[in-house]
file work-v5.cif (mmCIF, C-alpha atoms and all ligand atoms)
data_run
#
loop_
_atom_site.label_atom_id
_atom_site.label_comp_id
_atom_site.auth_asym_id
_atom_site.auth_seq_id
_atom_site.Cartn_x
_atom_site.Cartn_y
_atom_site.Cartn_z
CA MET Z 60 -21.62 -16.06 -11.77
CA PRO Z 61 -22.25 -18.89 -9.26
CA LYS Z 62 -23.79 -17.64 -6.02
CA ALA Z 63 -22.76 -18.92 -2.59
CA GLU Z 64 -25.12 -21.68 -1.52
CA LYS Z 65 -25.99 -23.20 1.82
CA SER Z 66 -24.07 -26.41 2.24
CA PRO Z 67 -22.38 -28.14 5.20
CA ILE Z 68 -19.14 -28.31 3.18
CA PRO Z 69 -17.96 -24.90 1.96
CA ALA Z 70 -17.33 -24.91 -1.79
CA HIS Z 71 -14.73 -22.17 -1.45
CA VAL Z 72 -12.43 -21.69 1.52
CA ALA Z 73 -9.96 -18.79 1.57
CA ILE Z 74 -7.07 -18.58 4.00
CA ILE Z 75 -5.15 -15.52 5.18
CA MET Z 76 -1.88 -17.21 6.08
CA ASP Z 77 -0.78 -14.94 8.91
CA GLY Z 78 1.72 -15.33 11.74
CA ASN Z 79 4.82 -16.62 9.95
CA GLY Z 80 6.95 -13.87 11.46
CA ARG Z 81 5.69 -14.52 15.01
CA TRP Z 82 6.17 -18.26 14.54
CA ALA Z 83 9.83 -17.61 13.64
CA LYS Z 84 10.37 -15.04 16.40
CA ALA Z 85 9.08 -17.45 19.05
CA ARG Z 86 11.81 -19.86 17.95
CA GLY Z 87 14.58 -17.29 17.69
CA LEU Z 88 14.66 -17.73 13.90
CA PRO Z 89 14.74 -15.12 11.11
CA ARG Z 90 11.33 -14.14 9.67
CA LEU Z 91 12.09 -15.91 6.41
CA ALA Z 92 12.36 -19.23 8.27
CA GLY Z 93 8.74 -18.66 9.25
CA HIS Z 94 7.75 -17.98 5.66
CA ARG Z 95 9.54 -21.15 4.61
CA ALA Z 96 7.75 -23.22 7.26
CA GLY Z 97 4.49 -21.61 6.17
CA THR Z 98 5.09 -22.54 2.54
CA GLN Z 99 5.71 -26.14 3.58
CA ASN Z 100 2.29 -26.19 5.20
CA LEU Z 101 0.52 -25.61 1.89
CA ARG Z 102 0.65 -29.15 0.57
CA PRO Z 103 -0.86 -30.96 3.60
CA ILE Z 104 -3.63 -28.37 3.90
CA ILE Z 105 -4.42 -28.57 0.17
CA ARG Z 106 -4.59 -32.36 0.44
CA ALA Z 107 -6.85 -32.23 3.51
CA ALA Z 108 -9.13 -29.69 1.83
CA ALA Z 109 -9.45 -31.82 -1.31
CA LEU Z 110 -10.29 -34.86 0.84
CA ALA Z 111 -12.94 -32.84 2.68
CA GLY Z 112 -14.61 -32.04 -0.66
CA ILE Z 113 -13.62 -28.36 -0.87
CA LYS Z 114 -13.59 -27.37 -4.54
CA TYR Z 115 -11.85 -23.96 -4.33
CA LEU Z 116 -9.06 -23.08 -1.93
CA THR Z 117 -7.53 -19.59 -1.97
CA PHE Z 118 -4.32 -18.63 -0.17
CA TYR Z 119 -3.41 -15.02 0.57
CA ALA Z 120 0.35 -15.11 0.18
CA PHE Z 121 1.39 -11.52 -0.63
CA SER Z 122 -0.71 -8.37 -0.42
CA THR Z 123 -0.31 -5.14 -2.37
CA GLU Z 124 0.75 -3.65 0.98
CA ASN Z 125 3.44 -6.28 1.62
CA TRP Z 126 5.73 -4.33 -0.74
CA ASN Z 127 6.20 -2.04 2.28
CA ARG Z 128 8.30 -4.69 4.03
CA PRO Z 129 12.11 -4.65 4.00
CA ARG Z 130 13.58 -5.43 0.61
CA GLU Z 131 15.19 -8.69 1.77
CA GLU Z 132 11.89 -10.01 3.09
CA VAL Z 133 10.10 -9.12 -0.16
CA SER Z 134 12.74 -10.82 -2.30
CA GLY Z 135 12.71 -13.81 0.06
CA LEU Z 136 8.95 -14.15 -0.41
CA MET Z 137 9.38 -13.97 -4.21
CA LYS Z 138 12.02 -16.70 -3.98
CA LEU Z 139 9.72 -18.89 -1.89
CA LEU Z 140 6.95 -18.60 -4.46
CA ASP Z 141 9.49 -19.52 -7.13
CA GLU Z 142 10.58 -22.58 -5.15
CA PHE Z 143 6.99 -23.54 -4.39
CA ILE Z 144 6.16 -23.59 -8.11
CA ASP Z 145 9.34 -25.58 -8.87
CA LYS Z 146 8.81 -28.14 -6.11
CA GLU Z 147 5.05 -28.51 -5.86
CA THR Z 148 3.57 -28.08 -9.34
CA GLN Z 149 4.04 -31.71 -10.36
CA ALA Z 150 2.59 -33.02 -7.10
CA LEU Z 151 -0.41 -30.68 -7.37
CA HIS Z 152 -0.91 -31.75 -10.97
CA ALA Z 153 -0.75 -35.43 -10.01
CA GLU Z 154 -3.36 -34.84 -7.31
CA GLY Z 155 -5.77 -33.23 -9.77
CA ALA Z 156 -5.34 -29.67 -8.58
CA ARG Z 157 -5.83 -26.74 -10.93
CA LEU Z 158 -3.72 -23.72 -10.11
CA LEU Z 159 -4.94 -20.14 -10.58
CA HIS Z 160 -3.54 -16.75 -9.60
CA ILE Z 161 -5.35 -13.59 -8.51
CA GLY Z 162 -3.65 -10.20 -8.30
CA HIS Z 163 -1.15 -8.54 -10.58
CA LEU Z 164 1.46 -10.90 -11.95
CA GLU Z 165 3.14 -7.94 -13.61
CA GLY Z 166 5.35 -6.45 -10.92
CA LEU Z 167 6.88 -9.84 -10.13
CA PRO Z 168 10.23 -10.83 -11.64
CA PRO Z 169 9.61 -11.86 -15.30
CA THR Z 170 10.98 -15.40 -14.82
CA LEU Z 171 8.61 -15.89 -11.90
CA GLN Z 172 5.67 -14.61 -13.94
CA LYS Z 173 6.49 -17.15 -16.61
CA LYS Z 174 6.74 -19.99 -14.07
CA VAL Z 175 3.35 -19.15 -12.60
CA GLU Z 176 1.80 -18.91 -16.07
CA ASP Z 177 3.30 -22.28 -17.06
CA ALA Z 178 2.01 -23.97 -13.89
CA ILE Z 179 -1.46 -22.52 -14.53
CA ALA Z 180 -1.39 -23.78 -18.13
CA LEU Z 181 -0.14 -27.25 -17.13
CA THR Z 182 -2.87 -27.78 -14.53
CA SER Z 183 -5.72 -26.05 -16.38
CA GLY Z 184 -7.58 -29.27 -17.14
CA ASN Z 185 -7.68 -30.55 -13.54
CA THR Z 186 -11.00 -30.65 -11.74
CA ARG Z 187 -10.53 -32.17 -8.27
CA ILE Z 188 -9.73 -28.88 -6.53
CA THR Z 189 -8.85 -25.37 -7.69
CA VAL Z 190 -5.99 -23.78 -5.74
CA ILE Z 191 -5.91 -20.01 -6.08
CA LEU Z 192 -2.79 -18.09 -5.11
CA ALA Z 193 -3.40 -14.48 -4.14
CA PHE Z 194 0.00 -12.96 -4.71
CA ASN Z 195 0.47 -9.22 -5.22
CA TYR Z 196 -3.25 -9.09 -4.52
CA GLY Z 197 -5.30 -6.30 -2.96
CA GLY Z 198 -9.08 -6.11 -2.75
CA ARG Z 199 -9.32 -2.39 -3.43
CA ASP Z 200 -6.83 -2.65 -6.26
CA GLU Z 201 -8.96 -5.45 -7.73
CA ILE Z 202 -12.10 -3.30 -7.65
CA VAL Z 203 -10.30 -0.36 -9.26
CA SER Z 204 -8.88 -2.67 -11.96
CA ALA Z 205 -12.34 -4.13 -12.62
CA VAL Z 206 -13.92 -0.70 -13.06
CA ARG Z 207 -11.13 0.33 -15.41
CA ARG Z 208 -11.60 -2.87 -17.43
CA LEU Z 209 -15.32 -2.23 -17.84
CA LEU Z 210 -14.78 1.40 -18.82
CA ALA Z 211 -12.08 0.37 -21.31
CA GLN Z 212 -14.64 -1.97 -22.89
CA GLY Z 213 -16.85 1.08 -23.38
CA LEU Z 214 -19.61 -0.09 -21.05
CA PRO Z 215 -22.27 2.57 -20.50
CA ALA Z 216 -23.08 3.53 -16.89
CA GLU Z 217 -26.39 1.63 -16.90
CA ALA Z 218 -24.60 -1.62 -17.86
CA ILE Z 219 -22.38 -1.45 -14.78
CA ASP Z 220 -24.06 -3.68 -12.23
CA GLU Z 221 -22.96 -6.26 -9.65
CA GLN Z 222 -22.84 -9.04 -12.22
CA ALA Z 223 -20.68 -6.99 -14.58
CA LEU Z 224 -18.30 -6.07 -11.76
CA SER Z 225 -18.08 -9.66 -10.50
CA GLY Z 226 -17.21 -10.75 -14.03
CA ALA Z 227 -14.43 -8.17 -14.25
CA MET Z 228 -12.73 -9.23 -11.01
CA PHE Z 229 -9.66 -11.48 -10.94
CA THR Z 230 -12.05 -14.08 -9.48
CA ALA Z 231 -14.44 -14.12 -12.46
CA GLY Z 232 -16.08 -17.56 -12.60
CA ILE Z 233 -14.99 -18.51 -9.08
CA PRO Z 234 -17.77 -18.66 -6.47
CA ASP Z 235 -17.51 -16.22 -3.58
CA PRO Z 236 -15.70 -17.64 -0.55
CA ASP Z 237 -18.07 -19.38 1.87
CA LEU Z 238 -15.49 -19.41 4.62
CA ILE Z 239 -12.44 -17.23 5.25
CA ILE Z 240 -9.88 -18.36 7.80
CA ARG Z 241 -7.30 -15.94 9.21
CA THR Z 242 -4.66 -17.55 11.35
CA SER Z 243 -2.57 -15.96 14.14
CA GLY Z 244 -5.42 -14.28 16.00
CA GLU Z 245 -5.48 -11.00 14.06
CA LEU Z 246 -9.05 -9.78 13.56
CA ARG Z 247 -8.99 -7.85 10.29
CA THR Z 248 -9.29 -8.46 6.56
CA SER Z 249 -6.09 -6.66 5.41
CA ASN Z 250 -7.49 -5.95 1.94
CA PHE Z 251 -8.45 -9.54 1.14
CA LEU Z 252 -11.36 -10.40 -1.19
CA THR Z 253 -13.10 -7.12 -0.41
CA TRP Z 254 -15.77 -7.49 -3.09
CA GLN Z 255 -16.29 -11.23 -2.68
CA SER Z 256 -16.42 -11.56 1.11
CA VAL Z 257 -19.69 -9.76 1.86
CA TYR Z 258 -21.45 -12.97 2.95
CA SER Z 259 -18.44 -15.07 3.89
CA GLU Z 260 -18.29 -16.76 7.27
CA TRP Z 261 -15.08 -16.00 9.15
CA ALA Z 262 -12.89 -18.05 11.46
CA PHE Z 263 -9.96 -16.66 13.44
CA PRO Z 264 -7.93 -19.54 14.89
CA LYS Z 265 -5.21 -18.26 17.23
CA VAL Z 266 -2.57 -20.58 15.79
CA ASN Z 267 0.19 -19.16 13.56
CA TRP Z 268 0.04 -20.33 9.95
CA PRO Z 269 3.05 -22.75 10.03
CA ASP Z 270 1.33 -24.59 12.93
CA PHE Z 271 -2.14 -24.62 11.36
CA SER Z 272 -2.94 -28.33 11.07
CA GLU Z 273 -5.35 -30.59 9.24
CA GLU Z 274 -7.08 -31.03 12.58
CA ASP Z 275 -7.52 -27.25 12.91
CA LEU Z 276 -9.12 -27.24 9.46
CA THR Z 277 -11.41 -30.14 10.36
CA ASN Z 278 -12.52 -28.38 13.55
CA ILE Z 279 -13.32 -25.17 11.68
CA LEU Z 280 -15.25 -27.09 9.01
CA ARG Z 281 -17.27 -28.85 11.70
CA GLU Z 282 -18.10 -25.52 13.30
CA PHE Z 283 -18.92 -23.97 9.90
CA ALA Z 284 -21.48 -26.71 9.25
CA ARG Z 285 -23.43 -25.55 12.31
CA ARG Z 286 -23.61 -21.92 11.27
CA ASP Z 287 -26.86 -20.40 10.13
CA ARG Z 288 -26.18 -18.43 6.93
CA ARG Z 289 -29.12 -16.17 6.23
CA PHE Z 290 -27.89 -13.93 3.39
CA GLY Z 291 -30.16 -11.20 4.69
CA GLY Z 292 -33.23 -13.44 4.69
CA LEU Z 293 -34.73 -15.53 7.45
CA THR Z 294 -33.87 -19.06 8.55
CA GLU Z 295 -36.08 -21.63 6.85
CA SER Z 296 -37.92 -23.78 9.38
C1 LIG Z 301 2.07 -13.82 6.85
O1 LIG Z 301 2.94 -13.81 7.95
C2 LIG Z 301 2.80 -13.91 5.55
C3 LIG Z 301 2.80 -12.66 4.78
C4 LIG Z 301 2.16 -11.58 5.08
C5 LIG Z 301 3.62 -12.64 3.58
P1 LIG Z 301 3.54 -12.47 8.51
O2 LIG Z 301 4.87 -12.23 7.88
O3 LIG Z 301 2.57 -11.35 8.37
O4 LIG Z 301 3.73 -12.84 10.03
P2 LIG Z 301 3.53 -11.89 11.28
O5 LIG Z 301 2.17 -11.29 11.17
O6 LIG Z 301 4.62 -10.86 11.21
O7 LIG Z 301 3.66 -12.80 12.46
C1 LIG Z 302 -2.10 -10.15 5.39
O1 LIG Z 302 -1.19 -10.24 6.43
C2 LIG Z 302 -1.46 -10.54 4.09
C3 LIG Z 302 -1.06 -11.92 3.96
C4 LIG Z 302 -1.25 -12.87 4.84
C5 LIG Z 302 -0.45 -12.25 2.71
P1 LIG Z 302 -0.34 -8.99 6.93
O2 LIG Z 302 0.47 -9.50 8.05
O3 LIG Z 302 0.37 -8.37 5.80
O4 LIG Z 302 -1.47 -7.99 7.43
P2 LIG Z 302 -1.38 -6.78 8.46
O5 LIG Z 302 -0.30 -5.87 7.99
O6 LIG Z 302 -1.05 -7.37 9.79
O7 LIG Z 302 -2.75 -6.18 8.44
MG MG Z 303 1.14 -10.61 9.55
#

call {"tool": "encode", "arguments": {"input": "work-v5.cif", "output": "structure tokens"}}
result
Amino acid sequence: MPKAEKSPIPAHVAIIMDGNGRWAKARGLPRLAGHRAGTQNLRPIIRAAALAGIKYLTFYAFSTENWNRPREEVSGLMKLLDEFIDKETQALHAEGARLLHIGHLEGLPPTLQKKVEDAIALTSGNTRITVILAFNYGGRDEIVSAVRRLLAQGLPAEAIDEQALSGAMFTAGIPDPDLIIRTSGELRTSNFLTWQSVYSEWAFPKVNWPDFSEEDLTNILREFARRDRRFGGLTES
């Protein structure tokens, strides 16, 4: 399991794409128009991240709690994921992006599950950047699933350690996020990467996700490079 390392460029950036609804409301548009605008922001941000040398980029797109939203909004979000896969997979593939998913694919419409699986298979050999979609993802749910997986394998209590748990998460093999960005000004984690985020640096830009720009990303990366990550130790002089 690769450990987070000190580097001016974060290897893994994770983004909580928040504020789509407020973006739409401010324009007198339905919430789904905000989700659509937010989805259109994925490609430029992925491209900018790849150019900056980021190797892993995770997007929180749908939480295990987002099922509590009105049925039309939930089905609209499913449809947007479906369209995103249809429209963007080839472009991502051409740009050398590998697509992964974390969360429970089961629970999504079967045709959508298949599309996501096909896009993952198509792009599996790409190495420029890994784009991880957290969809139907919850951090607590992930930990519970990991413990169940280990128990189902018959692991004895003494074999359950941090390494075993990390390897049983959806993120097995992916380094922990160095930097987590939550847009829209909300200051909470909302069940995102609970296990993996213990030493992540956080950034809370006030901009809503559809307006989050390449320049916003650049500014956060510049600020990240100045941070002193100690991992519980002391700063080396
Ligand atoms: C984030 O935008 C997208 C999802 C949670 C799916 P929101 O829909 O949460 O937008 P706000 O927070 O209502 O503005
Ligand atoms: C977190 O945003 C989930 C995603 C961005 C997918 P929410 O808008 O769902 O979080 P809360 O409800 O404000 O905490
Ligand atoms: Mg929100």

call {"tool": "atom_distance", "arguments": {"input": "work-v5.cif", "atom1": "atom CA of Arg95 of chain Z", "atom2": "atom CA of Phe229 of chain Z"}}
result
26.5 Å

call {"tool": "atom_distance", "arguments": {"input": "work-v5.cif", "atom1": "atom CA of Leu116 of chain Z", "atom2": "atom CA of Ala193 of chain Z"}}
result
10.5 Å

call {"tool": "residues_near_ligand", "arguments": {"input": "work-v5.cif", "ligand": "ligand LIG 301 (chain Z)", "cutoff": "9 Å", "atoms": "only C-alpha atoms and all ligand atoms", "output": "list in words"}}
result
Ile75, Met76, Asp77, Gly78, Asn79, Gly80, Arg81, Trp82, Ala83, Lys84, Arg90, Leu91, Gly93, His94, Gly97, Tyr119, Ala120, Phe121, Ser122, Asn125, Glu132, Val133, Leu136, Thr242, Ser243, Glu245, Asn267 and Trp268 of chain Z

call {"tool": "atom_distance", "arguments": {"input": "work-v5.cif", "atom1": "atom CA of Gln222 of chain Z", "atom2": "atom CA of Val190 of chain Z"}}
result
23.3 Å

call {"tool": "closest_residue", "arguments": {"input": "work-v5.cif", "among": "Z:Ser249, Z:Ser272, Z:Asn127, Z:Asn278", "to": "ligand MG 303 (chain Z)", "atoms": "all atoms listed in the file"}}
result
Z:Ser249

call {"tool": "closest_residue", "arguments": {"input": "work-v5.cif", "among": "Z:Leu246, Z:Ala73, Z:Ala178, Z:Leu280", "to": "ligand MG 303 (chain Z)", "atoms": "only C-alpha atoms and all ligand atoms"}}
result
Z:Leu246

call {"tool": "build_atoms", "arguments": {"input": "work-v5.cif", "residues": "segment 102-120 of chain Z", "atoms": "N, CA, C and O atoms", "output": "PDB file, keeping the file's coordinate frame"}}
result
ATOM      1  N   ARG Z 102       1.031 -27.866   1.154  1.00  0.00           N
ATOM      2  CA  ARG Z 102       0.650 -29.150   0.570  1.00  0.00           C
ATOM      3  C   ARG Z 102      -0.277 -29.990   1.462  1.00  0.00           C
ATOM      4  O   ARG Z 102      -1.316 -30.459   0.996  1.00  0.00           O
ATOM      5  N   PRO Z 103       0.069 -30.176   2.760  1.00  0.00           N
ATOM      6  CA  PRO Z 103      -0.860 -30.960   3.600  1.00  0.00           C
ATOM      7  C   PRO Z 103      -2.244 -30.334   3.720  1.00  0.00           C
ATOM      8  O   PRO Z 103      -3.251 -31.060   3.764  1.00  0.00           O
ATOM      9  N   ILE Z 104      -2.304 -29.009   3.753  1.00  0.00           N
ATOM     10  CA  ILE Z 104      -3.630 -28.370   3.900  1.00  0.00           C
ATOM     11  C   ILE Z 104      -4.414 -28.496   2.585  1.00  0.00           C
ATOM     12  O   ILE Z 104      -5.628 -28.725   2.602  1.00  0.00           O
ATOM     13  N   ILE Z 105      -3.737 -28.385   1.459  1.00  0.00           N
ATOM     14  CA  ILE Z 105      -4.420 -28.570   0.170  1.00  0.00           C
ATOM     15  C   ILE Z 105      -4.979 -29.997   0.094  1.00  0.00           C
ATOM     16  O   ILE Z 105      -6.130 -30.221  -0.291  1.00  0.00           O
ATOM     17  N   ARG Z 106      -4.162 -30.957   0.505  1.00  0.00           N
ATOM     18  CA  ARG Z 106      -4.590 -32.360   0.440  1.00  0.00           C
ATOM     19  C   ARG Z 106      -5.802 -32.591   1.343  1.00  0.00           C
ATOM     20  O   ARG Z 106      -6.786 -33.208   0.942  1.00  0.00           O
ATOM     21  N   ALA Z 107      -5.733 -32.049   2.557  1.00  0.00           N
ATOM     22  CA  ALA Z 107      -6.850 -32.230   3.510  1.00  0.00           C
ATOM     23  C   ALA Z 107      -8.114 -31.564   2.972  1.00  0.00           C
ATOM     24  O   ALA Z 107      -9.219 -32.110   3.103  1.00  0.00           O
ATOM     25  N   ALA Z 108      -7.961 -30.402   2.356  1.00  0.00           N
ATOM     26  CA  ALA Z 108      -9.130 -29.690   1.830  1.00  0.00           C
ATOM     27  C   ALA Z 108      -9.767 -30.481   0.689  1.00  0.00           C
ATOM     28  O   ALA Z 108     -10.998 -30.610   0.611  1.00  0.00           O
ATOM     29  N   ALA Z 109      -8.921 -31.032  -0.185  1.00  0.00           N
ATOM     30  CA  ALA Z 109      -9.450 -31.820  -1.310  1.00  0.00           C
ATOM     31  C   ALA Z 109     -10.199 -33.036  -0.771  1.00  0.00           C
ATOM     32  O   ALA Z 109     -11.299 -33.358  -1.240  1.00  0.00           O
ATOM     33  N   LEU Z 110      -9.632 -33.688   0.245  1.00  0.00           N
ATOM     34  CA  LEU Z 110     -10.290 -34.860   0.840  1.00  0.00           C
ATOM     35  C   LEU Z 110     -11.623 -34.491   1.477  1.00  0.00           C
ATOM     36  O   LEU Z 110     -12.568 -35.274   1.465  1.00  0.00           O
ATOM     37  N   ALA Z 111     -11.692 -33.291   2.030  1.00  0.00           N
ATOM     38  CA  ALA Z 111     -12.940 -32.840   2.680  1.00  0.00           C
ATOM     39  C   ALA Z 111     -14.002 -32.453   1.655  1.00  0.00           C
ATOM     40  O   ALA Z 111     -15.139 -32.191   2.024  1.00  0.00           O
ATOM     41  N   GLY Z 112     -13.623 -32.367   0.380  1.00  0.00           N
ATOM     42  CA  GLY Z 112     -14.610 -32.040  -0.660  1.00  0.00           C
ATOM     43  C   GLY Z 112     -14.671 -30.560  -0.999  1.00  0.00           C
ATOM     44  O   GLY Z 112     -15.594 -30.108  -1.701  1.00  0.00           O
ATOM     45  N   ILE Z 113     -13.696 -29.789  -0.524  1.00  0.00           N
ATOM     46  CA  ILE Z 113     -13.620 -28.360  -0.870  1.00  0.00           C
ATOM     47  C   ILE Z 113     -13.178 -28.251  -2.329  1.00  0.00           C
ATOM     48  O   ILE Z 113     -12.233 -28.915  -2.742  1.00  0.00           O
ATOM     49  N   LYS Z 114     -13.883 -27.445  -3.109  1.00  0.00           N
ATOM     50  CA  LYS Z 114     -13.590 -27.370  -4.540  1.00  0.00           C
ATOM     51  C   LYS Z 114     -12.668 -26.196  -4.900  1.00  0.00           C
ATOM     52  O   LYS Z 114     -11.985 -26.224  -5.918  1.00  0.00           O
ATOM     53  N   TYR Z 115     -12.689 -25.140  -4.086  1.00  0.00           N
ATOM     54  CA  TYR Z 115     -11.850 -23.960  -4.330  1.00  0.00           C
ATOM     55  C   TYR Z 115     -11.147 -23.584  -3.031  1.00  0.00           C
ATOM     56  O   TYR Z 115     -11.792 -23.474  -1.986  1.00  0.00           O
ATOM     57  N   LEU Z 116      -9.842 -23.412  -3.113  1.00  0.00           N
ATOM     58  CA  LEU Z 116      -9.060 -23.080  -1.930  1.00  0.00           C
ATOM     59  C   LEU Z 116      -8.118 -21.928  -2.292  1.00  0.00           C
ATOM     60  O   LEU Z 116      -7.248 -22.078  -3.150  1.00  0.00           O
ATOM     61  N   THR Z 117      -8.339 -20.779  -1.667  1.00  0.00           N
ATOM     62  CA  THR Z 117      -7.530 -19.590  -1.970  1.00  0.00           C
ATOM     63  C   THR Z 117      -6.567 -19.305  -0.824  1.00  0.00           C
ATOM     64  O   THR Z 117      -6.943 -19.389   0.352  1.00  0.00           O
ATOM     65  N   PHE Z 118      -5.330 -18.985  -1.162  1.00  0.00           N
ATOM     66  CA  PHE Z 118      -4.320 -18.630  -0.170  1.00  0.00           C
ATOM     67  C   PHE Z 118      -3.843 -17.198  -0.403  1.00  0.00           C
ATOM     68  O   PHE Z 118      -3.390 -16.868  -1.502  1.00  0.00           O
ATOM     69  N   TYR Z 119      -3.939 -16.384   0.639  1.00  0.00           N
ATOM     70  CA  TYR Z 119      -3.410 -15.020   0.570  1.00  0.00           C
ATOM     71  C   TYR Z 119      -1.940 -15.093   0.952  1.00  0.00           C
ATOM     72  O   TYR Z 119      -1.585 -15.355   2.111  1.00  0.00           O
ATOM     73  N   ALA Z 120      -1.077 -14.904  -0.035  1.00  0.00           N
ATOM     74  CA  ALA Z 120       0.350 -15.110   0.180  1.00  0.00           C
ATOM     75  C   ALA Z 120       1.155 -13.806   0.168  1.00  0.00           C
ATOM     76  O   ALA Z 120       2.223 -13.725   0.790  1.00  0.00           O
TER      77      ALA Z 120
END
